[in-house]
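The file protein03.cif comes next; it holds mmCIF, C-alpha atoms and all ligand atoms.
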data_data
loop_
_atom_site.label_atom_id
_atom_site.label_comp_id
_atom_site.auth_asym_id
_atom_site.auth_seq_id
_atom_site.Cartn_x
_atom_site.Cartn_y
_atom_site.Cartn_z
CA MET A 27 9.96 -7.15 -15.57
CA HIS A 28 11.71 -5.63 -12.61
CA ARG A 29 15.08 -5.08 -11.09
CA VAL A 30 16.30 -4.48 -7.58
CA LEU A 31 18.27 -1.36 -6.77
CA PRO A 32 20.28 -2.08 -3.64
CA GLY A 33 22.45 1.00 -4.12
CA LEU A 34 19.69 3.40 -3.23
CA SER A 35 19.04 1.98 0.19
CA ASP A 36 21.49 3.92 2.35
CA ARG A 37 20.70 7.36 1.04
CA LEU A 38 16.97 6.98 1.34
CA VAL A 39 16.60 5.12 4.60
CA ALA A 40 16.17 8.22 6.77
CA PRO A 41 13.53 9.95 4.62
CA VAL A 42 11.69 6.68 4.19
CA ALA A 43 11.78 6.02 7.90
CA LEU A 44 10.22 9.43 8.50
CA LEU A 45 7.64 8.74 5.83
CA ALA A 46 6.87 5.42 7.45
CA ILE A 47 6.26 7.18 10.74
CA ALA A 48 4.10 9.81 9.09
CA LEU A 49 2.06 7.21 7.24
CA GLY A 50 1.74 5.16 10.39
CA LEU A 51 0.31 8.14 12.23
CA ALA A 52 -2.00 8.97 9.35
CA ALA A 53 -3.28 5.40 9.38
CA CYS A 54 -4.49 5.93 12.93
CA GLU A 55 -6.93 8.60 11.86
CA VAL A 56 -10.49 7.49 11.34
CA GLY A 57 -12.40 8.22 8.15
CA ALA A 58 -12.22 7.96 4.40
CA PRO A 59 -8.87 8.13 2.63
CA ALA A 60 -7.79 11.69 1.94
CA ALA A 61 -8.16 12.92 -1.60
CA THR A 62 -4.96 12.46 -3.52
CA GLN A 63 -3.34 14.74 -6.02
CA ALA A 64 -3.48 13.80 -9.67
CA ILE A 65 -0.81 11.25 -10.48
CA VAL A 66 1.88 12.01 -13.03
CA PRO A 67 2.52 8.53 -14.48
CA GLY A 68 6.06 7.26 -14.21
CA THR A 69 8.18 6.40 -17.22
CA ILE A 70 11.11 4.04 -17.75
CA SER A 71 13.51 6.98 -17.57
CA ALA A 72 11.69 8.61 -14.67
CA PRO A 73 9.83 6.00 -12.63
CA ARG A 74 7.23 7.26 -10.17
CA GLU A 75 8.09 6.43 -6.58
CA VAL A 76 5.50 4.35 -4.73
CA ASN A 77 5.84 3.43 -1.07
CA ILE A 78 4.31 0.23 0.26
CA ILE A 79 4.87 -0.44 3.95
CA ALA A 80 4.10 -3.92 5.25
CA ARG A 81 2.98 -4.27 8.84
CA ASP A 82 1.78 -7.20 10.96
CA TYR A 83 -0.65 -7.83 9.11
CA THR A 84 -1.67 -5.13 6.69
CA TYR A 85 -0.21 -2.46 4.43
CA VAL A 86 0.15 1.29 4.42
CA PRO A 87 -1.33 2.94 2.45
CA SER A 88 -4.67 1.17 2.60
CA THR A 89 -5.19 1.80 -1.13
CA VAL A 90 -2.34 1.76 -3.64
CA ASP A 91 -2.75 4.00 -6.69
CA LEU A 92 -1.24 2.80 -9.98
CA VAL A 93 -1.58 3.89 -13.60
CA PRO A 94 -1.72 1.11 -16.23
CA GLY A 95 1.41 1.20 -18.36
CA GLU A 96 3.43 3.43 -16.05
CA THR A 97 6.80 2.48 -14.63
CA VAL A 98 7.11 2.74 -10.88
CA LEU A 99 9.98 2.55 -8.42
CA LEU A 100 8.51 0.52 -5.60
CA HIS A 101 9.91 1.06 -2.13
CA VAL A 102 8.70 -1.94 -0.16
CA ILE A 103 9.42 -1.55 3.54
CA ASN A 104 8.74 -4.12 6.22
CA GLY A 105 7.82 -2.30 9.41
CA GLY A 106 6.59 -5.50 11.03
CA LEU A 107 8.29 -8.13 13.15
CA VAL A 108 7.98 -11.07 10.75
CA ILE A 109 8.80 -11.60 7.08
CA HIS A 110 6.26 -10.22 4.60
CA GLU A 111 5.90 -9.79 0.88
CA ALA A 112 4.04 -7.49 -1.46
CA ILE A 113 2.53 -9.32 -4.41
CA LEU A 114 0.92 -6.92 -6.87
CA GLY A 115 -1.48 -8.71 -9.16
CA ASP A 116 -5.10 -9.45 -9.93
CA MET A 117 -7.18 -11.83 -7.86
CA ASP A 118 -6.26 -14.81 -10.02
CA ASP A 119 -2.60 -14.03 -9.31
CA GLN A 120 -3.31 -13.67 -5.60
CA LEU A 121 -5.04 -17.03 -5.40
CA ALA A 122 -2.29 -18.68 -7.47
CA TRP A 123 0.37 -17.38 -5.08
CA GLU A 124 -1.71 -18.43 -2.07
CA ALA A 125 -1.79 -21.98 -3.44
CA ALA A 126 1.88 -21.96 -4.44
CA GLU A 127 3.13 -20.74 -1.09
CA ALA A 128 0.88 -23.09 0.85
CA ALA A 129 3.39 -25.74 -0.24
CA THR A 130 6.02 -24.04 1.93
CA VAL A 131 4.12 -24.66 5.17
CA GLY A 132 6.35 -26.54 7.58
CA ALA A 133 9.57 -25.37 5.98
CA PRO A 134 12.45 -24.89 8.43
CA PRO A 135 13.13 -21.40 9.79
CA GLY A 136 15.10 -19.13 7.50
CA PRO A 137 14.62 -17.57 4.12
CA THR A 138 11.34 -18.27 2.37
CA PRO A 139 11.82 -21.29 0.09
CA PHE A 140 11.98 -20.46 -3.60
CA VAL A 141 8.55 -20.42 -5.18
CA PRO A 142 8.41 -19.98 -8.97
CA ASP A 143 6.04 -17.45 -10.48
CA PRO A 144 2.67 -19.06 -11.25
CA PRO A 145 1.96 -19.35 -15.01
CA GLY A 146 0.65 -16.11 -16.50
CA PHE A 147 1.77 -13.95 -13.57
CA ASP A 148 2.34 -10.42 -14.89
CA GLY A 149 2.51 -8.67 -11.56
CA VAL A 150 5.46 -8.33 -9.23
CA ARG A 151 6.52 -10.00 -5.98
CA VAL A 152 8.80 -8.37 -3.42
CA VAL A 153 9.75 -10.33 -0.28
CA VAL A 154 11.08 -8.28 2.64
CA GLY A 155 12.37 -9.39 6.00
CA SER A 156 11.55 -7.50 9.19
CA GLY A 157 13.14 -4.06 9.04
CA GLN A 158 14.25 -4.55 5.46
CA ARG A 159 13.53 -2.36 2.46
CA LEU A 160 13.78 -3.28 -1.20
CA ASP A 161 13.53 -0.99 -4.21
CA VAL A 162 12.14 -2.51 -7.38
CA VAL A 163 11.49 -0.91 -10.75
CA TRP A 164 8.42 -2.43 -12.39
CA THR A 165 6.10 -1.52 -15.25
CA VAL A 166 2.37 -1.89 -14.58
CA PRO A 167 0.77 -4.00 -17.34
CA ALA A 168 -1.10 -1.75 -19.77
CA ASP A 169 -4.21 -3.93 -19.47
CA ALA A 170 -4.16 -4.12 -15.68
CA SER A 171 -7.36 -2.13 -15.19
CA ALA A 172 -9.22 -4.56 -17.46
CA ALA A 173 -8.96 -7.37 -14.91
CA ALA A 174 -12.54 -8.08 -13.85
CA SER A 175 -11.47 -9.21 -10.40
CA GLY A 176 -9.47 -6.06 -9.71
CA TRP A 177 -5.86 -5.73 -8.59
CA PHE A 178 -4.51 -6.04 -5.10
CA VAL A 179 -1.39 -5.97 -2.98
CA GLY A 180 -1.34 -9.18 -0.98
CA CYS A 181 0.93 -11.25 1.24
CA HIS A 182 0.95 -15.03 0.89
CA ILE A 183 3.50 -15.97 3.49
CA PRO A 184 1.50 -18.89 4.94
CA GLY A 185 -1.27 -17.63 7.20
CA HIS A 186 -0.96 -13.94 6.35
CA TRP A 187 -3.67 -13.80 3.64
CA GLU A 188 -6.07 -15.40 6.14
CA LYS A 189 -5.24 -12.61 8.57
CA GLY A 190 -6.48 -10.15 5.94
CA MET A 191 -3.13 -8.96 4.64
CA VAL A 192 -4.44 -7.46 1.42
CA VAL A 193 -5.24 -3.95 0.21
CA PRO A 194 -6.80 -2.86 -3.09
CA VAL A 195 -5.14 -1.19 -6.03
CA ARG A 196 -6.94 1.82 -7.49
CA PHE A 197 -6.51 2.85 -11.10
CA PRO A 198 -7.09 6.46 -12.25
CA GLY A 199 -10.71 7.47 -12.43
CA GLY A 200 -11.74 4.27 -10.82
CA VAL A 201 -12.68 3.12 -7.39
CA PRO A 202 -10.55 0.73 -5.37
CA SER A 203 -10.99 -2.92 -6.25
CA PRO A 204 -13.67 -4.49 -4.06
CA ALA A 205 -12.57 -6.46 -1.04
CA PRO A 206 -11.72 -10.08 -1.80
CA ALA A 207 -14.98 -11.43 -0.41
CA SER A 208 -17.09 -9.27 -2.69
CA ALA A 209 -14.64 -9.67 -5.58
CA ALA A 210 -15.60 -13.34 -5.68
CA ARG A 211 -19.23 -12.38 -6.21
CA SER A 212 -18.67 -9.86 -9.01
CA GLY A 213 -17.44 -12.23 -11.67
CA ALA A 214 -19.71 -10.81 -14.39
CA GLY A 215 -18.14 -8.46 -16.86
CU CU B 1 2.87 -11.05 5.45
#

Go ahead and render the structure in this file as structure tokens.
Ligand SMILES: [Cu+2]
Amino acid sequence: MHRVLPGLSDRLVAPVALLAIALGLAACEVGAPAATQAIVPGTISAPREVNIIARDYTYVPSTVDLVPGETVLLHVINGGLVIHEAILGDMDDQLAWEAAEAATVGAPPGPTPFVPDPPGFDGVRVVVGSGQRLDVVWTVPADASAAASGWFVGCHIPGHWEKGMVVPVRFPGGVPSPAPASAARSGAG
């Protein structure tokens, strides 16, 4: 479940803009992701803030850390020039959304047509226009790390997944989910 918090937007735009710039600069550096501090899992009364910045056509950060069962306050920011979305879910969810949104190809310009959640979807979907930011409170499913295919943040606006607009989710103590191509091979388990 999730809810949108439009009231926070004005106060936090400046700090988030600075963060976006900082993250954008960091993304230009070559090498492995920097070690991160231990995560204090968020709770319903004190959600942990998580920034996801969409660009044309990828995300910052390049790996999103989540703790199963924690409640997070997602700040999804679109720093790109076209509409994007952040769908957090396992690979089955990603492929279901890819199929569902393929039906919107050829729609007239304007807001993305309504697409219902695919059956069994327990992730979250946040659609953000260029320059827009949405804040969403969402609880990570407690069994998320059990998904054999791994979890990802992906965009299924038609054509964007093909451009590689997907980054892995990493759960504590684990390694990032394998890239989609290799995820398809590691079905055992
Ligand atoms: Cu996109």

Name the residues, using the chain letters and numbers of the file, that sit within 9 Å of (-3.7, -3.0, -14.1) when counting only C-alpha atoms, and give them as a ChimeraX atom specification.
/A:92-95,115-116,149,166-173,176-177,195-197

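Taking only C-alpha atoms and all ligand atoms into account, ligand CU 1 (chain B) has within 8 Å the residues A:Ala80, A:Arg81, A:Asp82, A:Tyr83, A:Thr84, A:Val108, A:Ile109, A:His110, A:Glu111, A:Ala112, A:Gly180, A:Cys181, A:His182, A:Ile183, A:Pro184, A:Gly185, A:His186, A:Trp187, A:Met191.
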
Mind dumping the selected residues with C-alpha atoms as an mmCIF file, in the frame of the given file?
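Writing the result to again-v3.cif gives the following:
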data_model
loop_
_atom_site.group_PDB
_atom_site.id
_atom_site.type_symbol
_atom_site.label_atom_id
_atom_site.label_comp_id
_atom_site.auth_asym_id
_atom_site.auth_seq_id
_atom_site.Cartn_x
_atom_site.Cartn_y
_atom_site.Cartn_z
ATOM 1 C CA ALA A 80 4.100 -3.920 5.250
ATOM 2 C CA ARG A 81 2.980 -4.270 8.840
ATOM 3 C CA ASP A 82 1.780 -7.200 10.960
ATOM 4 C CA TYR A 83 -0.650 -7.830 9.110
ATOM 5 C CA THR A 84 -1.670 -5.130 6.690
ATOM 6 C CA VAL A 108 7.980 -11.070 10.750
ATOM 7 C CA ILE A 109 8.800 -11.600 7.080
ATOM 8 C CA HIS A 110 6.260 -10.220 4.600
ATOM 9 C CA GLU A 111 5.900 -9.790 0.880
ATOM 10 C CA ALA A 112 4.040 -7.490 -1.460
ATOM 11 C CA GLY A 180 -1.340 -9.180 -0.980
ATOM 12 C CA CYS A 181 0.930 -11.250 1.240
ATOM 13 C CA HIS A 182 0.950 -15.030 0.890
ATOM 14 C CA ILE A 183 3.500 -15.970 3.490
ATOM 15 C CA PRO A 184 1.500 -18.890 4.940
ATOM 16 C CA GLY A 185 -1.270 -17.630 7.200
ATOM 17 C CA HIS A 186 -0.960 -13.940 6.350
ATOM 18 C CA TRP A 187 -3.670 -13.800 3.640
ATOM 19 C CA MET A 191 -3.130 -8.960 4.640
#

So which residues touch Val102 in chain A within 6 Å, counting only C-alpha atoms, skipping near sequence neighbours fewer than 5 positions away, as an MDAnalysis selection string?
chainID A and resid 78:79 159:160

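Taking CA of His101 in chain A and CA of Gln158 in chain A as the two end points, the separation is 10.4 Å.
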
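Nearest-residue note for Phe147 in chain A: choosing from A:Asp161, A:Glu75, A:Asp118, A:Glu124, the minimum distance belongs to A:Asp118, counting only C-alpha atoms.
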
Which value, in Å to one decimal, gives the distance between CA of Gly68 in chain A and CA of Gly190 in chain A?
29.4 Å

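Taking all atoms listed in the file into account, Arg151 in chain A lies nearest to A:Leu100 out of the set A:Ala125, A:Ala133, A:Leu100, A:Gly105.
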
Contacts between range 62-66 of chain A and range 94-146 of chain A, please, where a residue of range 94-146 of chain A counts if it comes within 12 Å (with only C-alpha atoms); show its shortest atom pair and distance in Å to one decimal, rows by chain and ascending number, as CSV.
residue,atom,partner,partner_atom,distance
A:Pro94,CA,A:Ile65,CA,11.7
A:Glu96,CA,A:Val66,CA,9.2
A:Thr97,CA,A:Val66,CA,10.8
A:Val98,CA,A:Val66,CA,10.9

How big is the axis-aligned box, and where does its centre sit, when it encloses all atoms of range 171-180 of chain A listed in the file and has 3 Å added on every side, reported in Å to one decimal as AutoDock Vina command-line options?
--center_x -6.9 --center_y -5.7 --center_z -9.2 --size_x 17.2 --size_y 13.1 --size_z 22.5

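For the pair CA of Ser156 in chain A and CA of Ile103 in chain A, the separation is 8.5 Å.
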
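Of the listed residues A:Val179, A:Ala122, A:Met117, A:Asp91, the one whose atoms come nearest to Gly199 in chain A is A:Asp91, with distances taken using all atoms listed in the file.
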